[in-house]
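J.: You'll find model.txt just under this line, and it carries compact mmCIF, C-alpha atoms.
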# COMPACT_ATOMS: atom_id res chain seq x y z
CA MET A 54 2.00 -82.62 -114.86
CA VAL A 55 4.30 -80.13 -113.12
CA SER A 56 3.37 -76.73 -111.71
CA SER A 57 5.84 -74.02 -110.76
CA THR A 58 5.92 -70.86 -108.68
CA VAL A 59 8.64 -68.38 -107.81
CA GLU A 60 8.96 -67.00 -104.28
CA ALA A 61 11.10 -64.06 -103.20
CA ASP A 62 13.09 -65.96 -100.59
CA VAL A 63 13.42 -69.19 -98.67
CA GLU A 64 11.18 -67.98 -95.84
CA ALA A 65 8.32 -67.47 -98.30
CA VAL A 66 8.84 -70.94 -99.74
CA LEU A 67 8.72 -72.56 -96.31
CA ALA A 68 5.61 -70.59 -95.37
CA SER A 69 3.92 -71.71 -98.58
CA ALA A 70 4.96 -75.32 -98.07
CA THR A 71 3.42 -75.45 -94.60
CA ALA A 72 0.34 -73.33 -95.27
CA ASP A 73 -1.94 -76.35 -95.23
CA GLY A 74 -1.06 -77.12 -91.61
CA ASP A 75 0.87 -80.35 -92.15
CA GLU A 76 2.15 -81.85 -88.94
CA ASP A 77 5.66 -82.43 -90.26
CA LEU A 78 7.89 -81.45 -93.14
CA LEU A 79 10.83 -83.42 -94.54
CA VAL A 80 13.45 -81.16 -96.10
CA VAL A 81 15.92 -83.01 -98.30
CA ASN A 82 19.35 -81.59 -99.17
CA PRO A 83 18.72 -78.08 -97.83
CA SER A 84 21.15 -75.26 -98.51
CA ILE A 85 22.78 -73.33 -95.69
CA GLU A 86 20.32 -70.51 -96.38
CA THR A 87 17.40 -72.91 -96.04
CA ILE A 88 18.74 -74.31 -92.75
CA GLU A 89 19.15 -70.78 -91.39
CA ALA A 90 15.58 -69.91 -92.41
CA ILE A 91 14.17 -73.04 -90.76
CA VAL A 92 16.03 -72.39 -87.51
CA SER A 93 15.02 -68.72 -87.54
CA ALA A 94 11.35 -69.61 -88.05
CA GLY A 95 11.49 -72.22 -85.30
CA MET A 96 12.99 -69.79 -82.78
CA ASP A 97 10.71 -66.88 -83.70
CA GLY A 98 8.35 -66.47 -80.78
CA GLU A 99 5.82 -64.66 -82.97
CA THR A 100 5.60 -67.45 -85.54
CA THR A 101 2.83 -69.96 -84.94
CA ASP A 102 1.79 -73.30 -86.43
CA ILE A 103 5.36 -74.35 -87.21
CA PRO A 104 5.47 -78.01 -88.24
CA ASP A 105 8.00 -80.50 -86.96
CA VAL A 106 10.88 -80.35 -89.42
CA ARG A 107 13.09 -83.26 -90.38
CA LEU A 108 16.29 -82.42 -92.21
CA LEU A 109 18.01 -84.98 -94.42
CA VAL A 110 21.23 -83.12 -95.08
CA GLU A 111 24.80 -83.91 -96.07
CA GLU A 112 27.22 -83.72 -93.17
CA ARG A 113 29.48 -81.08 -94.73
CA THR A 114 26.47 -78.78 -95.26
CA ILE A 115 25.13 -79.02 -91.71
CA LYS A 116 28.66 -78.56 -90.34
CA ASP A 117 29.10 -75.36 -92.34
CA ALA A 118 25.62 -74.10 -91.40
CA THR A 119 26.21 -74.62 -87.68
CA ASP A 120 29.80 -73.37 -87.61
CA GLY A 121 28.72 -70.25 -85.71
CA PHE A 122 27.71 -70.56 -82.06
CA LEU A 123 24.40 -68.70 -82.28
CA LEU A 124 22.77 -70.69 -85.08
CA ALA A 125 24.11 -73.97 -83.71
CA SER A 126 22.77 -73.14 -80.24
CA LYS A 127 19.36 -72.26 -81.65
CA ALA A 128 19.27 -75.46 -83.71
CA ALA A 129 20.22 -77.50 -80.64
CA ALA A 130 17.34 -75.86 -78.75
CA LEU A 131 14.89 -76.89 -81.48
CA VAL A 132 16.26 -80.44 -81.36
CA ASP A 133 15.74 -80.50 -77.59
CA ARG A 134 12.20 -79.23 -78.06
CA ARG A 135 11.60 -82.05 -80.57
CA ILE A 136 10.69 -79.54 -83.26
CA LEU A 137 13.74 -80.33 -85.37
CA THR A 138 15.43 -83.62 -86.27
CA ILE A 139 18.70 -83.68 -88.24
CA ARG A 140 20.00 -86.77 -90.00
CA THR A 141 22.84 -87.33 -92.46
CA PRO A 142 22.78 -89.97 -95.21
CA GLU A 143 25.65 -92.24 -96.21
CA VAL A 144 25.39 -91.17 -99.87
CA ASP A 145 25.40 -87.72 -101.44
CA LEU A 146 22.12 -85.96 -102.13
CA SER A 147 21.48 -84.27 -105.45
CA THR A 148 17.99 -82.75 -105.30
CA THR A 149 16.52 -80.28 -102.81
CA LEU A 150 13.00 -81.35 -101.88
CA LEU A 151 10.18 -80.42 -99.54
CA VAL A 152 8.14 -83.49 -98.64
CA SER A 153 4.91 -83.17 -96.65
CA ALA A 154 1.86 -85.38 -96.25
CA ASP A 155 0.28 -84.24 -99.49
CA ARG A 156 3.06 -82.51 -101.40
CA VAL A 157 6.47 -83.10 -102.94
CA ALA A 158 8.20 -80.01 -104.29
CA ALA A 159 11.67 -79.38 -105.66
CA LEU A 160 13.48 -76.13 -104.87
CA VAL A 161 15.58 -74.51 -107.60
CA GLU A 162 17.31 -71.16 -107.73
CA ALA A 163 15.74 -68.79 -110.25
CA THR A 164 16.93 -65.38 -111.45
CA ASP A 165 14.29 -63.54 -109.45
CA GLY A 166 13.86 -65.81 -106.44
CA ILE A 167 13.50 -69.43 -105.41
CA GLY A 168 11.65 -71.64 -107.84
CA VAL A 169 9.27 -74.30 -106.57
CA LEU A 170 8.44 -77.20 -108.89
CA SER A 171 5.70 -79.54 -107.75
CA THR A 172 3.81 -82.37 -109.40
CA THR A 173 0.10 -83.13 -109.46
CA ASP A 174 0.76 -86.79 -110.31
CA GLU A 175 -0.40 -88.45 -107.09
CA ALA A 176 1.29 -91.81 -107.75
CA PHE A 177 4.65 -90.17 -108.51
CA ARG A 178 4.33 -87.88 -105.49
CA GLU A 179 3.65 -90.81 -103.17
CA SER A 180 6.52 -92.82 -104.67
CA VAL A 181 9.05 -90.00 -104.21
CA GLY A 182 7.75 -89.19 -100.73
CA ASP A 183 7.96 -92.81 -99.61
CA ALA A 184 11.47 -93.17 -101.02
CA TYR A 185 12.86 -90.16 -99.17
CA ARG A 186 11.05 -90.97 -95.94
CA ALA A 187 12.74 -94.37 -96.10
CA ARG A 188 16.13 -92.73 -96.70
CA PHE A 189 15.51 -90.48 -93.71
CA ALA A 190 14.62 -93.49 -91.54
CA ASP A 191 17.90 -95.18 -92.53
CA ALA A 192 20.07 -92.08 -92.03
CA ALA A 193 22.17 -91.41 -88.94
CA ASP A 194 21.22 -88.80 -86.34
CA TYR A 195 23.50 -85.75 -86.43
CA ARG A 196 24.71 -84.65 -83.01
CA LEU A 197 25.18 -80.94 -82.46
CA ARG A 198 28.01 -80.33 -80.01
CA THR A 199 26.91 -76.78 -79.17
CA PRO A 200 24.73 -76.42 -76.05
CA ALA A 201 21.09 -75.57 -76.63
CA LEU A 202 20.23 -71.89 -76.33
CA ASP A 203 17.47 -72.66 -73.83
CA ARG A 204 20.01 -74.29 -71.52
CA VAL A 205 22.52 -71.49 -72.05
CA ARG A 206 19.89 -68.94 -71.05
CA GLU A 207 18.71 -70.82 -67.98
CA THR A 208 22.13 -71.68 -66.58
CA MET A 209 23.67 -68.28 -67.33
CA ASP A 210 20.79 -66.53 -65.56
CA GLU A 211 21.43 -68.70 -62.51
CA ALA A 212 25.25 -68.54 -62.51
CA LEU A 213 25.94 -64.97 -63.63
CA GLY A 214 22.68 -63.02 -63.61
CA GLU A 215 19.98 -62.01 -66.05
CA GLU A 216 21.70 -58.82 -67.25
CA PRO A 217 24.97 -60.51 -68.34
CA ARG A 218 22.92 -63.24 -70.04
CA ALA A 219 20.78 -60.70 -71.89
CA ASP A 220 23.88 -58.81 -73.05
CA PHE A 221 25.61 -62.05 -74.08
CA GLU A 222 22.71 -63.02 -76.31
CA ALA A 223 22.27 -59.48 -77.62
CA MET A 224 25.94 -59.23 -78.62
CA LEU A 225 25.85 -62.59 -80.39
CA GLU A 226 22.77 -61.44 -82.32
CA ALA A 227 24.36 -58.07 -83.12
CA ILE A 228 27.54 -59.52 -84.63
CA ASP A 229 25.92 -62.56 -86.29
CA GLY A 230 26.67 -62.57 -90.02
CA THR A 231 29.18 -59.70 -89.76
CA ASP A 232 32.96 -59.51 -89.86
CA LEU A 233 32.92 -59.04 -86.09
CA ALA A 234 31.87 -62.67 -85.65
CA ASP A 235 35.18 -63.74 -87.20
CA ARG A 236 37.10 -61.90 -84.46
CA LEU A 237 34.80 -62.46 -81.49
CA ASP A 238 33.74 -66.03 -80.86
CA ALA A 239 31.30 -67.10 -78.12
CA VAL A 240 34.08 -67.31 -75.51
CA ALA A 241 35.37 -63.81 -76.30
CA VAL A 242 31.82 -62.43 -76.26
CA ALA A 243 31.17 -64.05 -72.88
CA LEU A 244 34.37 -62.57 -71.46
CA LEU A 245 33.61 -59.14 -72.86
CA VAL A 246 30.10 -59.11 -71.41
CA ALA A 247 31.37 -60.50 -68.09
CA ALA A 248 33.94 -57.68 -67.94
CA LYS A 249 31.19 -55.13 -68.56
CA HIS A 250 29.32 -56.48 -65.53
CA GLY A 251 32.32 -57.18 -63.27
CA VAL A 252 31.84 -60.96 -63.16
CA LEU A 253 34.50 -63.17 -61.58
CA LEU A 254 36.57 -65.13 -64.09
CA TYR A 255 36.14 -68.25 -61.96
CA ASP A 256 32.35 -68.01 -62.11
CA LEU A 257 32.34 -67.38 -65.85
CA SER A 258 34.75 -70.16 -66.79
CA LYS A 259 33.06 -72.68 -64.49
CA TRP A 260 29.68 -71.88 -66.03
CA GLY A 261 31.12 -72.01 -69.56
CA GLU A 262 32.73 -75.40 -69.00
CA ASP A 263 29.69 -76.84 -67.21
CA VAL A 264 27.28 -75.78 -69.95
CA GLY A 265 29.59 -77.01 -72.71
CA ILE A 266 30.72 -73.81 -74.42
CA ALA A 267 34.46 -74.30 -73.80
CA SER A 268 36.92 -75.55 -71.21
CA LYS A 269 38.24 -73.42 -68.37
CA ALA A 270 41.62 -73.50 -70.11
CA THR A 271 40.08 -72.00 -73.27
CA PHE A 272 38.45 -69.23 -71.25
CA SER A 273 41.80 -68.56 -69.55
CA ARG A 274 43.72 -68.40 -72.85
CA THR A 275 41.14 -66.11 -74.43
CA LYS A 276 41.14 -63.92 -71.33
CA THR A 277 44.92 -63.55 -71.60
CA ASP A 278 44.67 -62.61 -75.28
CA LEU A 279 41.97 -59.99 -74.60
CA GLU A 280 43.99 -58.67 -71.68
CA ASP A 281 47.15 -58.41 -73.77
CA HIS A 282 45.25 -56.27 -76.30
CA GLY A 283 43.79 -54.00 -73.64
CA VAL A 284 40.22 -55.17 -74.15
CA ILE A 285 39.74 -56.40 -70.60
CA ASP A 286 41.53 -56.06 -67.29
CA THR A 287 41.35 -57.97 -64.03
CA GLU A 288 41.23 -57.08 -60.36
CA LYS A 289 42.25 -59.48 -57.59
CA VAL A 290 39.48 -60.29 -55.14
CA PRO A 291 40.62 -61.90 -51.85
CA ILE A 292 38.75 -64.97 -50.60
CA ASP A 293 38.79 -66.68 -47.21
CA VAL A 294 40.81 -69.69 -48.35
CA GLY A 295 43.09 -70.05 -51.35
CA ARG A 296 44.40 -67.73 -54.03
CA PRO A 297 42.55 -64.49 -54.79
CA ARG A 298 40.08 -64.67 -57.66
CA LEU A 299 40.02 -62.31 -60.61
CA ARG A 300 37.19 -59.90 -61.29
CA LEU A 301 36.87 -59.09 -64.99
CA GLN A 302 36.74 -55.43 -66.01
CA LEU A 303 36.78 -53.54 -69.26
CA GLY A 304 40.34 -52.57 -70.11
CA SER A 305 39.84 -49.22 -71.77
CA ASP A 306 37.72 -46.11 -71.24
CA ARG A 307 36.74 -46.24 -74.92
CA LEU A 308 34.83 -49.45 -74.19
CA ARG A 309 32.67 -48.04 -71.42
CA ASP A 310 29.17 -46.59 -71.84
CA ARG A 311 28.77 -48.10 -75.30
CA SER A 312 25.89 -49.96 -76.84
CA ILE A 313 26.29 -53.71 -77.15
CA GLU A 314 27.15 -53.46 -80.84
CA GLY A 315 29.46 -50.52 -80.19
CA LEU A 316 31.26 -52.46 -77.46
CA ALA A 317 31.81 -55.38 -79.83
CA SER A 318 33.10 -53.06 -82.57
CA ALA A 319 35.51 -51.24 -80.25
CA ALA A 320 36.82 -54.51 -78.82
CA ALA A 321 37.39 -55.91 -82.31
CA GLU A 322 39.37 -52.80 -83.25
CA LEU A 323 41.66 -53.30 -80.26
CA LEU A 324 42.22 -56.90 -81.36
CA GLU A 325 43.45 -55.92 -84.82
Here is a file; write its structure as structure tokens.
T.:
Amino acid sequence: MVSSTVEADVEAVLASATADGDEDLLVVNPSIETIEAIVSAGMDGETTDIPDVRLLVEERTIKDATDGFLLASKAAALVDRRILTIRTPEVDLSTTLLVSADRVAALVEATDGIGVLSTTDEAFRESVGDAYRARFADAADYRLRTPALDRVRETMDEALGEEPRADFEAMLEAIDGTDLADRLDAVAVALLVAAKHGVLLYDLSKWGEDVGIASKATFSRTKTDLEDHGVIDTEKVPIDVGRPRLRLQLGSDRLRDRSIEGLASAAAELLE
């Protein structure tokens, strides 16, 4: 016997699936939307009783889902916290399932929401659950190459200060899912925020390379591109020994005294 319900969105489905307080949830063949919802729920400080989530997902799907820095960094943080485990199978997956201790449900797209089909046949439920838990056990761990957001926060606070870090995160959140994210990657955002706060290029690029965002050469190339478009400027700062270092500054009056989102928008316009 099969029962069905229709939820408004993925978040509602996940909340329903974990309402019984299961300790872990196996999500098989999740969509990009489902992955985003899981990561968002895991990073939401106001959400409680989140189960440990194990994703069995095709490599091309998880690559597409974590193409942006912000979501990838959040997912990496959940992996570090041991809340999230991501594995990729050797064979393609065809069905999207939620598998918990006492439930197996299939997710299907309906005209007015996400459909949830679950069975009350205990033997079938146990058979399907055991099969996919075995497939998860045999699958390979997926390694996210983006640094965890927790580590980004901690090291940026120490290297550059709490205000640049807060603005860096706020700008990434502001442009996430918009056209601005296509023109301003994490390196450009870091440079833009550093210019707002007058950070030395050396300090920024050293931090960025050490934490794993990008190499010093990538920061230098992006700095040159932003400088060529008038987004940022630099000022030489003498030091006791060696060549002067460069202090990053905003390159145009139209960029000053703007909100974080307004600063991102104005910078993107200059880059067109």
J.: Which residue is closest to Thr87 of chain A? Choose from A:Asp232, A:Glu162, A:Asp174, A:Asp256 and count only C-alpha atoms.
T.: A:Glu162
J.: Would you work out the distance separating atom CA of Ala193 of chain A from atom CA of Arg107 of chain A, expressed in Å to one decimal?
T.: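 That distance, rounded to one decimal, is 12.3 Å.
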J.: To one decimal in Å, tell me the separation between atom CA of Ile266 of chain A and atom CA of Glu216 of chain A.
T.: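 If I compute the distance from atom CA of Ile266 of chain A to atom CA of Glu216 of chain A, I get 18.9 Å.
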J.: Atom CA of Lys269 of chain A to atom CA of Leu124 of chain A: how many Å, to one decimal?
T.: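 Those two atoms sit 22.9 Å apart.
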J.: Smallest atom-to-atom distance to Ser318 of chain A: which of A:Ile228, A:Ala267, A:Gly295, A:Ala247, using all atoms listed in the file?
T.: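 Smallest distance to Ser318 of chain A is found for A:Ile228.
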J.: I'd like the contact shell of Asp238 of chain A - 10 Å cut-off, all atoms listed in the file, skipping same-chain residues fewer than 3 positions apart - returned as a list of chain:residue names.
T.: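 Here the qualifying residues turn out to be A:Gly121, A:Phe122, A:Leu123, A:Leu225, A:Ile228, A:Leu233, A:Ala234, A:Asp235, A:Ala241, A:Val242, A:Ala243, A:Thr275.
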J.: With a distance cut-off of 9 Å and all atoms listed in the file, select the neighbouring residues of Glu179 of chain A, excluding the residue or stretch itself and same-chain residues fewer than 5 positions from it, and output the selection as an MDAnalysis selection string.
T.: chainID A and resid 154:157 174 184
J.: Mind checking which residues fall within 9 Å of Ala223 of chain A, counting all atoms listed in the file, ignoring those fewer than 4 positions away in the same chain, and posting them as a ChimeraX atom specification?
T.: /A:218-219,227-228,313-314
J.: Just C-alpha atoms for this one: save the residues we selected as a PDB file, in the coordinates of the input.
T.:
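Contents of the output file out.pdb:
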ATOM      1  CA  ARG A 218      22.920 -63.240 -70.040  1.00  0.00           C
ATOM      2  CA  ALA A 219      20.780 -60.700 -71.890  1.00  0.00           C
ATOM      3  CA  ALA A 227      24.360 -58.070 -83.120  1.00  0.00           C
ATOM      4  CA  ILE A 228      27.540 -59.520 -84.630  1.00  0.00           C
ATOM      5  CA  ILE A 313      26.290 -53.710 -77.150  1.00  0.00           C
ATOM      6  CA  GLU A 314      27.150 -53.460 -80.840  1.00  0.00           C
TER       7      GLU A 314
END
J.: Counting all atoms listed in the file, select every polymer residue within 8 Å of (41.0, -63.2, -66.0) as defined in the file's coordinates, and provide the selection as a PyMOL selection string.
T.: chain A and resi 253-254+273+276-277+280+286-287+299-301
J.: Hey, could you pull the box centre and edge lengths for segment 306-324 of chain A, axis-aligned, 5 Å padding per side, all listed atoms, to one decimal in Å, as lines of an AutoDock Vina configuration file?
T.:
center_x = 34.1
center_y = -51.5
center_z = -77.2
size_x = 26.3
size_y = 20.8
size_z = 22.0
J.: Excluding Val92 of chain A and its own-chain neighbours fewer than 5 positions away, which residues fall within 10 Å of it when counting only C-alpha atoms? Please give them as an MDAnalysis selection string.
T.: chainID A and resid 87 97 106 124:131 136:137
J.: Tell me which of A:Tyr185, A:Thr173, A:Asp105, A:Asp220 sits closest to Arg135 of chain A, counting all atoms listed in the file.
T.: A:Asp105
J.: Which residue, A:Val252, A:Ile85, A:Ala239, A:Leu303, has the smallest gap to Pro200 of chain A when you use all atoms listed in the file?
T.: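 Using all atoms listed in the file, Pro200 of chain A sits closest to A:Ala239.
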J.: Name the closest residue to Thr119 of chain A among the candidates A:Leu316, A:Val284, A:Ile139, A:Val240; distances are taken between atoms, counting only C-alpha atoms.
T.: A:Ile139
J.: Rank A:Pro142, A:Gly182, A:Gly315, A:Gly230 by their smallest atom-to-atom distance to Asp194 of chain A, using all atoms listed in the file, and report the top residue only.
T.: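 Closest to Asp194 of chain A, using all atoms listed in the file: A:Pro142.
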J.: Can you take the partial segment 227-238 of chain A, add all heavy atoms, and return it as a PDB file, in the frame of the given file?
T.:
ATOM      1  N   ALA A 227      23.901 -59.285 -82.452  1.00  0.00           N
ATOM      2  CA  ALA A 227      24.360 -58.070 -83.120  1.00  0.00           C
ATOM      3  C   ALA A 227      25.494 -58.348 -84.108  1.00  0.00           C
ATOM      4  O   ALA A 227      25.559 -57.720 -85.171  1.00  0.00           O
ATOM      5  CB  ALA A 227      24.810 -57.041 -82.089  1.00  0.00           C
ATOM      6  N   ILE A 228      26.382 -59.273 -83.761  1.00  0.00           N
ATOM      7  CA  ILE A 228      27.540 -59.520 -84.630  1.00  0.00           C
ATOM      8  C   ILE A 228      27.307 -60.683 -85.589  1.00  0.00           C
ATOM      9  O   ILE A 228      28.129 -60.939 -86.476  1.00  0.00           O
ATOM     10  CB  ILE A 228      28.806 -59.800 -83.799  1.00  0.00           C
ATOM     11  CG1 ILE A 228      28.714 -61.138 -83.060  1.00  0.00           C
ATOM     12  CG2 ILE A 228      29.090 -58.655 -82.846  1.00  0.00           C
ATOM     13  CD1 ILE A 228      29.991 -61.524 -82.319  1.00  0.00           C
ATOM     14  N   ASP A 229      26.190 -61.397 -85.441  1.00  0.00           N
ATOM     15  CA  ASP A 229      25.920 -62.560 -86.290  1.00  0.00           C
ATOM     16  C   ASP A 229      25.895 -62.144 -87.763  1.00  0.00           C
ATOM     17  O   ASP A 229      25.225 -61.189 -88.152  1.00  0.00           O
ATOM     18  CB  ASP A 229      24.583 -63.180 -85.904  1.00  0.00           C
ATOM     19  CG  ASP A 229      24.320 -64.493 -86.636  1.00  0.00           C
ATOM     20  OD1 ASP A 229      25.249 -65.312 -86.719  1.00  0.00           O
ATOM     21  OD2 ASP A 229      23.184 -64.681 -87.116  1.00  0.00           O
ATOM     22  N   GLY A 230      26.642 -62.854 -88.590  1.00  0.00           N
ATOM     23  CA  GLY A 230      26.670 -62.570 -90.020  1.00  0.00           C
ATOM     24  C   GLY A 230      27.544 -61.404 -90.421  1.00  0.00           C
ATOM     25  O   GLY A 230      27.552 -61.008 -91.587  1.00  0.00           O
ATOM     26  N   THR A 231      28.288 -60.829 -89.463  1.00  0.00           N
ATOM     27  CA  THR A 231      29.180 -59.700 -89.760  1.00  0.00           C
ATOM     28  C   THR A 231      30.632 -60.134 -89.616  1.00  0.00           C
ATOM     29  O   THR A 231      30.930 -61.216 -89.108  1.00  0.00           O
ATOM     30  CB  THR A 231      28.905 -58.516 -88.811  1.00  0.00           C
ATOM     31  OG1 THR A 231      29.384 -58.848 -87.495  1.00  0.00           O
ATOM     32  CG2 THR A 231      27.409 -58.210 -88.742  1.00  0.00           C
ATOM     33  N   ASP A 232      31.532 -59.239 -90.012  1.00  0.00           N
ATOM     34  CA  ASP A 232      32.960 -59.510 -89.860  1.00  0.00           C
ATOM     35  C   ASP A 232      33.362 -59.621 -88.396  1.00  0.00           C
ATOM     36  O   ASP A 232      34.360 -60.262 -88.056  1.00  0.00           O
ATOM     37  CB  ASP A 232      33.789 -58.413 -90.540  1.00  0.00           C
ATOM     38  CG  ASP A 232      33.645 -58.415 -92.052  1.00  0.00           C
ATOM     39  OD1 ASP A 232      33.235 -59.458 -92.595  1.00  0.00           O
ATOM     40  OD2 ASP A 232      33.924 -57.384 -92.682  1.00  0.00           O
ATOM     41  N   LEU A 233      32.595 -58.989 -87.516  1.00  0.00           N
ATOM     42  CA  LEU A 233      32.920 -59.040 -86.090  1.00  0.00           C
ATOM     43  C   LEU A 233      32.870 -60.461 -85.553  1.00  0.00           C
ATOM     44  O   LEU A 233      33.617 -60.813 -84.638  1.00  0.00           O
ATOM     45  CB  LEU A 233      31.948 -58.155 -85.298  1.00  0.00           C
ATOM     46  CG  LEU A 233      32.008 -56.650 -85.562  1.00  0.00           C
ATOM     47  CD1 LEU A 233      30.918 -55.930 -84.772  1.00  0.00           C
ATOM     48  CD2 LEU A 233      33.382 -56.095 -85.202  1.00  0.00           C
ATOM     49  N   ALA A 234      31.998 -61.289 -86.121  1.00  0.00           N
ATOM     50  CA  ALA A 234      31.870 -62.670 -85.650  1.00  0.00           C
ATOM     51  C   ALA A 234      33.132 -63.474 -85.930  1.00  0.00           C
ATOM     52  O   ALA A 234      33.394 -64.473 -85.247  1.00  0.00           O
ATOM     53  CB  ALA A 234      30.659 -63.341 -86.305  1.00  0.00           C
ATOM     54  N   ASP A 235      33.922 -63.041 -86.908  1.00  0.00           N
ATOM     55  CA  ASP A 235      35.180 -63.740 -87.200  1.00  0.00           C
ATOM     56  C   ASP A 235      36.242 -63.434 -86.153  1.00  0.00           C
ATOM     57  O   ASP A 235      37.188 -64.191 -85.978  1.00  0.00           O
ATOM     58  CB  ASP A 235      35.703 -63.319 -88.587  1.00  0.00           C
ATOM     59  CG  ASP A 235      34.777 -63.765 -89.710  1.00  0.00           C
ATOM     60  OD1 ASP A 235      34.101 -64.796 -89.533  1.00  0.00           O
ATOM     61  OD2 ASP A 235      34.720 -63.072 -90.738  1.00  0.00           O
ATOM     62  N   ARG A 236      36.094 -62.297 -85.445  1.00  0.00           N
ATOM     63  CA  ARG A 236      37.100 -61.900 -84.460  1.00  0.00           C
ATOM     64  C   ARG A 236      36.646 -62.128 -83.021  1.00  0.00           C
ATOM     65  O   ARG A 236      37.480 -62.174 -82.117  1.00  0.00           O
ATOM     66  CB  ARG A 236      37.442 -60.418 -84.666  1.00  0.00           C
ATOM     67  CG  ARG A 236      38.298 -60.151 -85.889  1.00  0.00           C
ATOM     68  CD  ARG A 236      38.467 -58.671 -86.149  1.00  0.00           C
ATOM     69  NE  ARG A 236      37.311 -58.109 -86.836  1.00  0.00           N
ATOM     70  CZ  ARG A 236      37.167 -56.815 -87.120  1.00  0.00           C
ATOM     71  NH1 ARG A 236      38.104 -55.957 -86.733  1.00  0.00           N
ATOM     72  NH2 ARG A 236      36.113 -56.376 -87.756  1.00  0.00           N
ATOM     73  N   LEU A 237      35.335 -62.263 -82.833  1.00  0.00           N
ATOM     74  CA  LEU A 237      34.800 -62.460 -81.490  1.00  0.00           C
ATOM     75  C   LEU A 237      33.945 -63.722 -81.479  1.00  0.00           C
ATOM     76  O   LEU A 237      32.794 -63.710 -81.928  1.00  0.00           O
ATOM     77  CB  LEU A 237      33.951 -61.255 -81.068  1.00  0.00           C
ATOM     78  CG  LEU A 237      34.661 -59.908 -80.948  1.00  0.00           C
ATOM     79  CD1 LEU A 237      33.640 -58.794 -80.733  1.00  0.00           C
ATOM     80  CD2 LEU A 237      35.674 -59.927 -79.813  1.00  0.00           C
ATOM     81  N   ASP A 238      34.520 -64.814 -80.977  1.00  0.00           N
ATOM     82  CA  ASP A 238      33.740 -66.030 -80.860  1.00  0.00           C
ATOM     83  C   ASP A 238      32.922 -65.997 -79.578  1.00  0.00           C
ATOM     84  O   ASP A 238      32.930 -65.001 -78.836  1.00  0.00           O
ATOM     85  CB  ASP A 238      34.629 -67.278 -80.931  1.00  0.00           C
ATOM     86  CG  ASP A 238      35.649 -67.350 -79.793  1.00  0.00           C
ATOM     87  OD1 ASP A 238      35.553 -66.546 -78.843  1.00  0.00           O
ATOM     88  OD2 ASP A 238      36.536 -68.219 -79.851  1.00  0.00           O
TER      89      ASP A 238
END
